[in-house]
Amino acid sequence: MPVIEAIDLAKTYVSNKKQPGIWGGIKALFSRQKTYVEAVKGITLSVEQGELVGFLGPNGAGKTTTLKMLTGILYPTSGQARVLGFRPFDRNPNMLRQISLVMGNKNQLWWDLPAWDSFVVLRELYDVDEKAFKERVDYLVEALQITDKINQQVRKLSLGERMKCELVAALLHAPKVVFLDEPTIGLDLVSQKRIRDFLLDLNRREGSTVILTSHYMQDVEEVCDRVVVIDHGALIFDGTLDSLTAAYSDSKRLRLTFENGVPAEELAFFGEIVESEEGCVVLAIPSARTAAITGEILQRFPVSDVAIEAVSVEEVVRNLFSGSAVTNVPRETLPPPV
Ligand SMILES: Nc1ncnc2c1ncn2[C@@H]1O[C@H](COP(=O)(O)OP(=O)(O)OP(=O)(O)O)[C@@H](O)[C@H]1O
Ligand SMILES: [Mg+2]
């Protein structure tokens, strides 16, 4: 049985229309004009126990709204959802005890107390026994490397330390399903990495199901086997990262640096220019012709540096969102020498 199941899940936010200014506010009190935002337009999805799933999508795509519906914070406008067999919006205590939602931009720890004090309160709340609690905190705190931070007032912690304490708090009750909404937002690279490694370790140890949203592609690349791409409230891709990039595998990127000026016009003969900055150009070329094209370019132009790269996940996703087709250059022959 899937751990998470959503069928045609949709959410439309309804709010009262308000014109700007005080008058607008007063008029809104009497008018019945409403505005509707279709944040999620019917998402169907099924996740098995132990899966690591990344939600990708541009700002406003509906990722947070989806997570909120799956955790029972928001009531859907239509459609169905089941998490561990429960309807999330019933907020059944037996479901709540087995899930967790971590939001990178919200805190649940008491600001003026050391994190440890909050952990103790949560222990009571979830009714975790003393010994299990001690072991759990030890594991989490060590894995996240914050052993020496949990006795410090939360307000005095750095953003990264605080986020790690939030994670400990959210995972004290050993939830089966963990929803994380941008858990690494604003953190430095070292902390981001620590959190990624931690999530992988947690999944390996406990078989927890992890649903993660992030704007940092590396989070999704390293942690998730499966990606769900959401755009304008709709699911536009669901599959492995590999299958997402496979569509682009017959194309390579040739990164060329020039000392004086880029011969952009001539380069366009060889492939599609996908990036162009001062002195540097990235060309999309067919994989099968990488050697021939690279050789030809090196012979003809004063190239100071060259690198051949695979299409990055970032680029794939960018293309998906912009609705442009897979960049494939079906050029069979090299242009004649200039
Ligand atoms: N409480 C609300 N009332 C009205 N509209 C809302 C509300 N919350 C979100 N929205 C709108 O719903 C849409 C989806 O928002 P959501 O927060 O789910 O996007 P997101 O994919 O999480 O974006 P981000 O990557 O920026 O976090 C947006 O257009 C947003 O403006
Ligand atoms: Mg969001």
# chains A, B, ... in the order shown; residues from 1 in each chain; ligands from 1
call {"tool": "residues_around", "arguments": {"residues": "stretch 177-183 of chain A", "least_positions_apart": "3", "cutoff": "10 Å", "atoms": "only C-alpha atoms", "output": "MDAnalysis selection string"}}
result
chainID A and resid 3:4 49:55 63:64 67:68 70:71 83:84 95:106 160 163:164 166:167 170:171 174 186:187 192 195:196 199 203 207:216 219
call {"tool": "select_by_dssp", "arguments": {"residues": "stretch 70-246 of chain A", "states": "strand (DSSP E or B)", "output": "number ranges by chain"}}
result
A: 78-83, 86, 99-103, 114, 153, 177-181, 209-213, 226-231, 234-240
call {"tool": "atom_distance", "arguments": {"atom1": "atom 3 (N, counted along the ligand's line) of ligand 1", "atom2": "atom CA of A:Asn16"}}
result
10.0 Å
call {"tool": "atom_distance", "arguments": {"atom1": "atom CA of A:Ser118", "atom2": "atom CA of A:Asp138"}}
result
15.0 Å
call {"tool": "residues_near_ligand", "arguments": {"ligand": "ligand 1", "cutoff": "6 Å", "atoms": "only C-alpha atoms and all ligand atoms", "output": "PDB file with N, CA, C and O atoms, in the first residue's frame"}}
result
ATOM      1  N   TYR A  13      -7.336  29.066  -3.671  1.00  0.00           N
ATOM      2  CA  TYR A  13      -7.437  30.030  -2.568  1.00  0.00           C
ATOM      3  C   TYR A  13      -8.471  31.079  -2.940  1.00  0.00           C
ATOM      4  O   TYR A  13      -8.475  31.588  -4.057  1.00  0.00           O
ATOM      5  N   VAL A  37      -7.323  32.056  -6.600  1.00  0.00           N
ATOM      6  CA  VAL A  37      -6.009  31.625  -7.087  1.00  0.00           C
ATOM      7  C   VAL A  37      -6.003  30.104  -7.128  1.00  0.00           C
ATOM      8  O   VAL A  37      -6.115  29.440  -6.099  1.00  0.00           O
ATOM      9  N   ALA A  39      -4.080  27.415  -6.985  1.00  0.00           N
ATOM     10  CA  ALA A  39      -2.686  27.118  -6.618  1.00  0.00           C
ATOM     11  C   ALA A  39      -2.281  25.707  -7.021  1.00  0.00           C
ATOM     12  O   ALA A  39      -1.178  25.479  -7.492  1.00  0.00           O
ATOM     13  N   PRO A  58       9.029  26.283 -10.098  1.00  0.00           N
ATOM     14  CA  PRO A  58       9.361  27.689  -9.863  1.00  0.00           C
ATOM     15  C   PRO A  58       8.543  28.273  -8.713  1.00  0.00           C
ATOM     16  O   PRO A  58       7.631  27.609  -8.196  1.00  0.00           O
ATOM     17  N   ASN A  59       8.852  29.482  -8.323  1.00  0.00           N
ATOM     18  CA  ASN A  59       8.096  30.151  -7.256  1.00  0.00           C
ATOM     19  C   ASN A  59       6.623  30.176  -7.616  1.00  0.00           C
ATOM     20  O   ASN A  59       6.253  30.446  -8.752  1.00  0.00           O
ATOM     21  N   GLY A  60       5.799  29.879  -6.635  1.00  0.00           N
ATOM     22  CA  GLY A  60       4.360  29.972  -6.844  1.00  0.00           C
ATOM     23  C   GLY A  60       3.770  28.784  -7.592  1.00  0.00           C
ATOM     24  O   GLY A  60       2.606  28.800  -7.984  1.00  0.00           O
ATOM     25  N   ALA A  61       4.558  27.727  -7.786  1.00  0.00           N
ATOM     26  CA  ALA A  61       4.088  26.574  -8.569  1.00  0.00           C
ATOM     27  C   ALA A  61       3.017  25.770  -7.833  1.00  0.00           C
ATOM     28  O   ALA A  61       2.207  25.089  -8.455  1.00  0.00           O
ATOM     29  N   GLY A  62       3.040  25.832  -6.501  1.00  0.00           N
ATOM     30  CA  GLY A  62       2.050  25.077  -5.730  1.00  0.00           C
ATOM     31  C   GLY A  62       2.660  23.992  -4.859  1.00  0.00           C
ATOM     32  O   GLY A  62       1.945  23.132  -4.325  1.00  0.00           O
ATOM     33  N   LYS A  63       3.962  24.018  -4.684  1.00  0.00           N
ATOM     34  CA  LYS A  63       4.647  22.972  -3.906  1.00  0.00           C
ATOM     35  C   LYS A  63       4.247  23.027  -2.427  1.00  0.00           C
ATOM     36  O   LYS A  63       3.832  22.020  -1.853  1.00  0.00           O
ATOM     37  N   THR A  64       4.371  24.208  -1.841  1.00  0.00           N
ATOM     38  CA  THR A  64       4.034  24.346  -0.422  1.00  0.00           C
ATOM     39  C   THR A  64       2.563  24.017  -0.189  1.00  0.00           C
ATOM     40  O   THR A  64       2.203  23.338   0.778  1.00  0.00           O
ATOM     41  N   THR A  65       1.712  24.482  -1.083  1.00  0.00           N
ATOM     42  CA  THR A  65       0.282  24.214  -0.949  1.00  0.00           C
ATOM     43  C   THR A  65       0.022  22.705  -0.963  1.00  0.00           C
ATOM     44  O   THR A  65      -0.766  22.189  -0.163  1.00  0.00           O
TER      45      THR A  65
END
call {"tool": "closest_residue", "arguments": {"among": "A:Leu122, A:Ile230, A:Ala6, A:Val262", "to": "A:Phe86", "atoms": "only C-alpha atoms"}}
result
A:Ala6
call {"tool": "select_by_dssp", "arguments": {"residues": "stretch 38-167 of chain A", "states": "alpha helix (DSSP H)", "output": "MDAnalysis selection string"}}
result
chainID A and resid 63:70 93:96 115:126 130:143 159:167
call {"tool": "closest_residue", "arguments": {"among": "A:Gln153, A:Thr66, A:Gln108, A:Thr240", "to": "ligand 2", "atoms": "only C-alpha atoms and all ligand atoms"}}
result
A:Thr66
call {"tool": "closest_residue", "arguments": {"among": "A:Leu283, A:Ile185, A:Leu202, A:Asp238", "to": "ligand 2", "atoms": "only C-alpha atoms and all ligand atoms"}}
result
A:Ile185
call {"tool": "atom_distance", "arguments": {"atom1": "atom CA of A:Asp117", "atom2": "atom CA of A:Phe198"}}
result
22.6 Å
